[in-house]
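As provided, start.cif (mmCIF, C-alpha atoms; chains and numbers go by the auth columns) reads as follows.
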data_entry
loop_
_atom_site.group_PDB
_atom_site.id
_atom_site.type_symbol
_atom_site.label_atom_id
_atom_site.label_comp_id
_atom_site.label_asym_id
_atom_site.label_seq_id
_atom_site.Cartn_x
_atom_site.Cartn_y
_atom_site.Cartn_z
_atom_site.B_iso_or_equiv
_atom_site.auth_seq_id
_atom_site.auth_asym_id
ATOM 1 C CA MET A 1 114.396 75.544 80.204 0.00 10 A
ATOM 2 C CA ASN A 2 116.796 78.359 79.528 0.00 11 A
ATOM 3 C CA HIS A 3 117.096 81.793 81.114 0.00 12 A
ATOM 4 C CA ARG A 4 115.160 83.686 78.456 0.00 13 A
ATOM 5 C CA ALA A 5 112.243 81.218 78.579 0.00 14 A
ATOM 6 C CA TRP A 6 111.887 81.592 82.357 0.00 15 A
ATOM 7 C CA ILE A 7 111.947 85.378 82.102 0.00 16 A
ATOM 8 C CA VAL A 8 109.303 85.325 79.356 0.00 17 A
ATOM 9 C CA ILE A 9 107.144 82.905 81.389 0.00 18 A
ATOM 10 C CA SER A 10 107.413 85.262 84.364 0.00 19 A
ATOM 11 C CA GLY A 11 106.308 88.120 82.124 0.00 20 A
ATOM 12 C CA PHE A 12 103.312 86.161 80.817 0.00 21 A
ATOM 13 C CA ILE A 13 102.228 85.238 84.344 0.00 22 A
ATOM 14 C CA TRP A 14 102.325 88.886 85.393 0.00 23 A
ATOM 15 C CA PHE A 15 100.631 89.978 82.150 0.00 24 A
ATOM 16 C CA PHE A 16 97.690 87.589 82.426 0.00 25 A
ATOM 17 C CA MET A 17 97.147 88.248 86.136 0.00 26 A
ATOM 18 C CA GLY A 18 97.366 91.987 85.465 0.00 27 A
ATOM 19 C CA ALA A 19 94.887 91.767 82.584 0.00 28 A
ATOM 20 C CA PHE A 20 92.472 89.814 84.800 0.00 29 A
ATOM 21 C CA LEU A 21 92.695 92.382 87.616 0.00 30 A
ATOM 22 C CA LEU A 22 92.459 95.321 85.217 0.00 31 A
ATOM 23 C CA TYR A 23 89.309 93.854 83.626 0.00 32 A
ATOM 24 C CA LYS A 24 87.819 93.116 87.044 0.00 33 A
ATOM 25 C CA GLY A 25 88.558 96.655 88.257 0.00 34 A
ATOM 26 C CA LEU A 26 87.071 98.263 85.157 0.00 35 A
ATOM 27 C CA LEU A 27 83.975 96.102 85.577 0.00 36 A
ATOM 28 C CA LEU A 28 83.604 97.075 89.255 0.00 37 A
ATOM 29 C CA ILE A 29 83.884 100.791 88.536 0.00 38 A
ATOM 30 C CA THR A 30 81.484 100.525 85.601 0.00 39 A
ATOM 31 C CA GLN A 31 78.948 98.802 87.858 0.00 40 A
ATOM 32 C CA ALA A 32 79.473 101.444 90.541 0.00 41 A
ATOM 33 C CA ALA A 33 78.714 104.217 88.044 0.00 42 A
ATOM 34 C CA PHE A 34 75.155 102.894 87.845 0.00 43 A
ATOM 35 C CA GLN A 35 74.609 102.113 91.539 0.00 44 A
ATOM 36 C CA VAL A 36 72.796 104.620 93.689 0.00 45 A
ATOM 37 C CA GLY A 37 74.877 105.217 96.803 0.00 46 A
ATOM 38 C CA SER A 38 78.281 104.419 95.284 0.00 47 A
ATOM 39 C CA LEU A 39 81.135 106.909 95.498 0.00 48 A
ATOM 40 C CA CYS A 40 80.685 107.618 91.795 0.00 49 A
ATOM 41 C CA TYR A 41 77.055 108.462 92.404 0.00 50 A
ATOM 42 C CA GLN A 42 77.857 110.573 95.468 0.00 51 A
ATOM 43 C CA LEU A 43 80.499 112.566 93.573 0.00 52 A
ATOM 44 C CA GLN A 44 78.271 113.381 90.623 0.00 53 A
ATOM 45 C CA GLY A 45 77.850 116.908 92.030 0.00 54 A
ATOM 46 C CA ILE A 46 81.554 117.529 91.439 0.00 55 A
ATOM 47 C CA PHE A 47 81.956 115.596 88.184 0.00 56 A
ATOM 48 C CA LYS A 48 78.416 116.232 86.768 0.00 57 A
ATOM 49 C CA THR A 49 77.596 112.535 86.215 0.00 58 A
ATOM 50 C CA PRO A 50 78.464 109.264 87.960 0.00 59 A
ATOM 51 C CA GLN A 51 80.004 108.061 84.701 0.00 60 A
ATOM 52 C CA GLN A 52 82.452 110.974 84.657 0.00 61 A
ATOM 53 C CA ALA A 53 83.357 110.235 88.279 0.00 62 A
ATOM 54 C CA ALA A 54 83.942 106.605 87.249 0.00 63 A
ATOM 55 C CA THR A 55 86.229 107.782 84.448 0.00 64 A
ATOM 56 C CA ILE A 56 88.240 109.828 86.955 0.00 65 A
ATOM 57 C CA PHE A 57 88.494 106.773 89.240 0.00 66 A
ATOM 58 C CA MET A 58 89.758 104.693 86.309 0.00 67 A
ATOM 59 C CA ALA A 59 92.362 107.329 85.446 0.00 68 A
ATOM 60 C CA ILE A 60 93.517 107.475 89.085 0.00 69 A
ATOM 61 C CA GLY A 61 93.858 103.673 89.161 0.00 70 A
ATOM 62 C CA LEU A 62 95.868 103.672 85.930 0.00 71 A
ATOM 63 C CA LEU A 63 98.150 106.448 87.195 0.00 72 A
ATOM 64 C CA LEU A 64 98.747 104.672 90.520 0.00 73 A
ATOM 65 C CA GLY A 65 99.415 101.431 88.660 0.00 74 A
ATOM 66 C CA PHE A 66 101.895 103.105 86.334 0.00 75 A
ATOM 67 C CA LEU A 67 103.784 104.617 89.264 0.00 76 A
ATOM 68 C CA LYS A 68 103.786 101.344 91.201 0.00 77 A
ATOM 69 C CA GLY A 69 104.923 99.400 88.148 0.00 78 A
ATOM 70 C CA ARG A 70 107.758 101.763 87.322 0.00 79 A
ATOM 71 C CA PHE A 71 109.080 102.461 90.792 0.00 80 A
ATOM 72 C CA VAL A 72 108.150 99.468 92.961 0.00 81 A
ATOM 73 C CA LEU A 73 107.672 96.408 90.772 0.00 82 A
ATOM 74 C CA ALA A 74 110.610 97.320 88.527 0.00 83 A
ATOM 75 C CA LYS A 75 112.905 96.466 91.442 0.00 84 A
ATOM 76 C CA THR A 76 111.213 93.080 91.873 0.00 85 A
ATOM 77 C CA VAL A 77 111.529 92.362 88.149 0.00 86 A
ATOM 78 C CA LYS A 78 115.241 93.187 88.185 0.00 87 A
ATOM 79 C CA ARG A 79 115.779 91.023 91.244 0.00 88 A
ATOM 80 C CA VAL A 80 113.949 88.052 89.692 0.00 89 A
ATOM 81 C CA VAL A 81 115.739 88.440 86.343 0.00 90 A
ATOM 82 C CA ASN A 82 119.123 88.651 88.072 0.00 91 A
ATOM 83 C CA ARG A 83 118.298 85.503 90.031 0.00 92 A
ATOM 84 C CA ILE A 84 117.175 83.602 86.932 0.00 93 A
ATOM 85 C CA THR A 85 120.194 84.641 84.848 0.00 94 A
ATOM 86 C CA SER A 86 122.567 83.611 87.640 0.00 95 A
ATOM 87 C CA LEU A 87 121.233 80.035 87.770 0.00 96 A
ATOM 88 C CA PRO A 88 122.976 77.234 85.890 0.00 97 A
ATOM 89 C CA LEU A 89 121.043 75.525 83.090 0.00 98 A
ATOM 90 C CA PRO A 90 118.673 73.698 83.063 0.00 99 A
ATOM 91 C CA ILE A 91 116.510 75.684 85.465 0.00 100 A
ATOM 92 C CA ARG A 92 113.779 73.864 87.369 0.00 101 A
ATOM 93 C CA LEU A 93 110.585 75.478 88.672 0.00 102 A
ATOM 94 C CA LYS A 94 111.608 75.180 92.319 0.00 103 A
ATOM 95 C CA ASP A 95 114.917 76.928 91.533 0.00 104 A
ATOM 96 C CA ALA A 96 113.577 79.704 89.299 0.00 105 A
ATOM 97 C CA TYR A 97 111.967 81.746 92.071 0.00 106 A
ATOM 98 C CA SER A 98 113.147 82.394 95.617 0.00 107 A
ATOM 99 C CA PRO A 99 111.036 81.484 98.653 0.00 108 A
ATOM 100 C CA ALA A 100 110.565 85.211 99.328 0.00 109 A
ATOM 101 C CA TYR A 101 109.030 85.600 95.850 0.00 110 A
ATOM 102 C CA TRP A 102 106.538 82.777 96.525 0.00 111 A
ATOM 103 C CA ILE A 103 105.643 84.395 99.868 0.00 112 A
ATOM 104 C CA LEU A 104 105.091 87.730 98.087 0.00 113 A
ATOM 105 C CA ILE A 105 102.784 86.091 95.513 0.00 114 A
ATOM 106 C CA GLY A 106 100.863 84.198 98.207 0.00 115 A
ATOM 107 C CA SER A 107 100.430 87.275 100.390 0.00 116 A
ATOM 108 C CA MET A 108 99.175 89.335 97.443 0.00 117 A
ATOM 109 C CA MET A 109 96.628 86.629 96.596 0.00 118 A
ATOM 110 C CA LEU A 110 95.526 86.450 100.226 0.00 119 A
ATOM 111 C CA LEU A 111 95.161 90.234 100.366 0.00 120 A
ATOM 112 C CA GLY A 112 93.069 90.184 97.195 0.00 121 A
ATOM 113 C CA MET A 113 90.770 87.511 98.625 0.00 122 A
ATOM 114 C CA THR A 114 90.465 89.458 101.889 0.00 123 A
ATOM 115 C CA PHE A 115 89.157 92.523 99.999 0.00 124 A
ATOM 116 C CA ARG A 116 85.984 90.591 99.190 0.00 125 A
ATOM 117 C CA PHE A 117 85.082 90.406 102.864 0.00 126 A
ATOM 118 C CA LEU A 118 86.055 93.927 103.934 0.00 127 A
ATOM 119 C CA PRO A 119 83.492 96.737 103.803 0.00 128 A
ATOM 120 C CA ILE A 120 85.280 98.579 100.985 0.00 129 A
ATOM 121 C CA PRO A 121 83.087 100.475 98.474 0.00 130 A
ATOM 122 C CA VAL A 122 82.869 98.725 95.112 0.00 131 A
ATOM 123 C CA ASP A 123 84.371 101.650 93.208 0.00 132 A
ATOM 124 C CA LEU A 124 87.342 101.843 95.570 0.00 133 A
ATOM 125 C CA ARG A 125 87.921 98.106 95.095 0.00 134 A
ATOM 126 C CA GLY A 126 87.811 98.798 91.369 0.00 135 A
ATOM 127 C CA VAL A 127 90.492 101.491 91.668 0.00 136 A
ATOM 128 C CA ILE A 128 92.690 99.087 93.654 0.00 137 A
ATOM 129 C CA ASP A 129 92.244 96.297 91.091 0.00 138 A
ATOM 130 C CA ILE A 130 92.960 98.682 88.207 0.00 139 A
ATOM 131 C CA ALA A 131 96.092 99.968 89.952 0.00 140 A
ATOM 132 C CA ILE A 132 97.439 96.495 90.706 0.00 141 A
ATOM 133 C CA GLY A 133 96.461 95.144 87.297 0.00 142 A
ATOM 134 C CA SER A 134 98.086 97.955 85.352 0.00 143 A
ATOM 135 C CA ALA A 135 101.182 97.741 87.573 0.00 144 A
ATOM 136 C CA LEU A 136 101.497 94.015 86.820 0.00 145 A
ATOM 137 C CA ILE A 137 101.093 94.627 83.079 0.00 146 A
ATOM 138 C CA ASN A 138 103.756 97.324 83.301 0.00 147 A
ATOM 139 C CA GLY A 139 106.029 94.875 85.143 0.00 148 A
ATOM 140 C CA ALA A 140 105.345 92.219 82.505 0.00 149 A
ATOM 141 C CA MET A 141 106.570 94.601 79.814 0.00 150 A
ATOM 142 C CA LEU A 142 109.776 95.044 81.809 0.00 151 A
ATOM 143 C CA TYR A 143 110.204 91.249 81.895 0.00 152 A
ATOM 144 C CA PHE A 144 109.759 91.083 78.119 0.00 153 A
ATOM 145 C CA ARG A 145 112.270 93.894 77.535 0.00 154 A
ATOM 146 C CA MET A 146 114.821 92.225 79.793 0.00 155 A
ATOM 147 C CA ALA A 147 114.295 88.849 78.105 0.00 156 A
ATOM 148 C CA LYS A 148 114.898 90.509 74.732 0.00 157 A
ATOM 149 C CA SER A 149 118.147 92.078 75.957 0.00 158 A
ATOM 150 C CA ILE A 150 119.708 88.768 77.059 0.00 159 A
ATOM 151 C CA PRO A 151 122.370 87.681 74.542 0.00 160 A
ATOM 152 C CA ARG A 152 121.481 84.531 72.606 0.00 161 A
ATOM 153 C CA ALA A 153 124.656 82.767 73.746 0.00 162 A
ATOM 154 C CA ALA A 154 123.541 83.133 77.376 0.00 163 A
ATOM 155 C CA THR A 155 120.236 81.354 76.751 0.00 164 A
ATOM 156 C CA ASN A 156 121.525 78.045 75.377 0.00 165 A
#

Hey, can you dump this file as structure tokens for me?
Amino acid sequence: MNHRAWIVISGFIWFFMGAFLLYKGLLLITQAAFQVGSLCYQLQGIFKTPQQAATIFMAIGLLLGFLKGRFVLAKTVKRVVNRITSLPLPIRLKDAYSPAYWILIGSMMLLGMTFRFLPIPVDLRGVIDIAIGSALINGAMLYFRMAKSIPRAATN
């Protein structure tokens, strides 16, 4: 495959994983809004209803995800795109991503699985999933923009 195809594939991987985490986070916070004892329920005195507290949690997760996507993951996207564009064609799967990238992906998956077993409130887990999911979607958009900016002659 050519450079542009690998960059687009990277973007789709990040997009679909981000969409999954965003959906999961929204679902967790929605469930928490109707659970007695959740943070949403406990904060209803400040926000008037648990549902309004849940909306604030969702907004916080989206804001954190935007910031992480723009300022942290943007560097990773640039690094991966620079690596992919520097490789000679055809590019194989084992060459497309560095070992450090695979370690990063594996450690993030392990961290996500660990959250299931830690005593973290469901609404806080939702905020974390929303933040990571929206950050990944933001990073995916950066992949797509970078793929679009690669000259056609460089992708053959």

Could you name the residues that touch Leu30 in chain A at 8 Å or less, counting only C-alpha atoms, but leaving out those on the same chain fewer than 6 positions away, as a list in words?
Asp138, Ile139, Ile141 and Gly142 of chain A

Once you count only C-alpha atoms, which residues end up no further than 12 Å from (76.8, 106.4, 95.7) in the file's frame, shown as a ChimeraX atom specification?
/A:38,40-54,58-60,62-63,130-133

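On the file presented, the PyMOL selection byres ((chain A and resi 95-111) around 10) picks out Met10, Asn11, His12, Ala14, Trp15, Ile16, Ser19, Thr85, Arg88, Val89, Val90, Asn91, Arg92, Ile93, Thr94, Ile112, Leu113, Ile114, Gly115, Ser116, Met117, Ala163, Thr164 and Asn165 of chain A.
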
Exercise: range 71-74 of chain A partners within 10 Å, all atoms listed in the file, chain neighbours under 6 positions left out, as a PyMOL selection string:
chain A and resi 31+65+80-82+136-148

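With CA of Phe29 in chain A on one side and CA of Gly70 in chain A on the other, the separation reads 14.6 Å.
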
Of the candidates A:Phe66, A:Tyr152, A:Phe24, A:Phe124, which one gets nearest to Ala83 in chain A if we count only C-alpha atoms?
A:Tyr152

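Between CA of Lys57 in chain A and CA of Gly135 in chain A there is a distance of 20.3 Å.
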
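Using only C-alpha atoms for every distance, the candidate list A:Lys33, A:Arg134, A:Lys87, A:Arg125 yields A:Lys87 as the residue closest to Ala149 in chain A.
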
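Take the candidates A:Met26, A:Ile55, A:Val17, A:Met150 and check each one against Gly121 in chain A using all atoms listed in the file; the shortest distance goes to A:Met26.
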
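Picture a line from CA of Thr39 in chain A to CA of Ile129 in chain A; it runs 16.0 Å.
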
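Among the candidates A:Met122, A:Val86, A:Ile159, A:Met67, the residue lying nearest to Leu37 in chain A is A:Met67 (atoms considered: only C-alpha atoms).
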
Set up a box along x, y and z of the file covering all listed atoms of range 64-67 of chain A, add 8 Å on every one of the six sides, and write the centre and edge lengths in Å to one decimal, as AutoDock Vina command-line options.
--center_x 88.0 --center_y 107.3 --center_z 86.8 --size_x 19.5 --size_y 21.1 --size_z 20.8
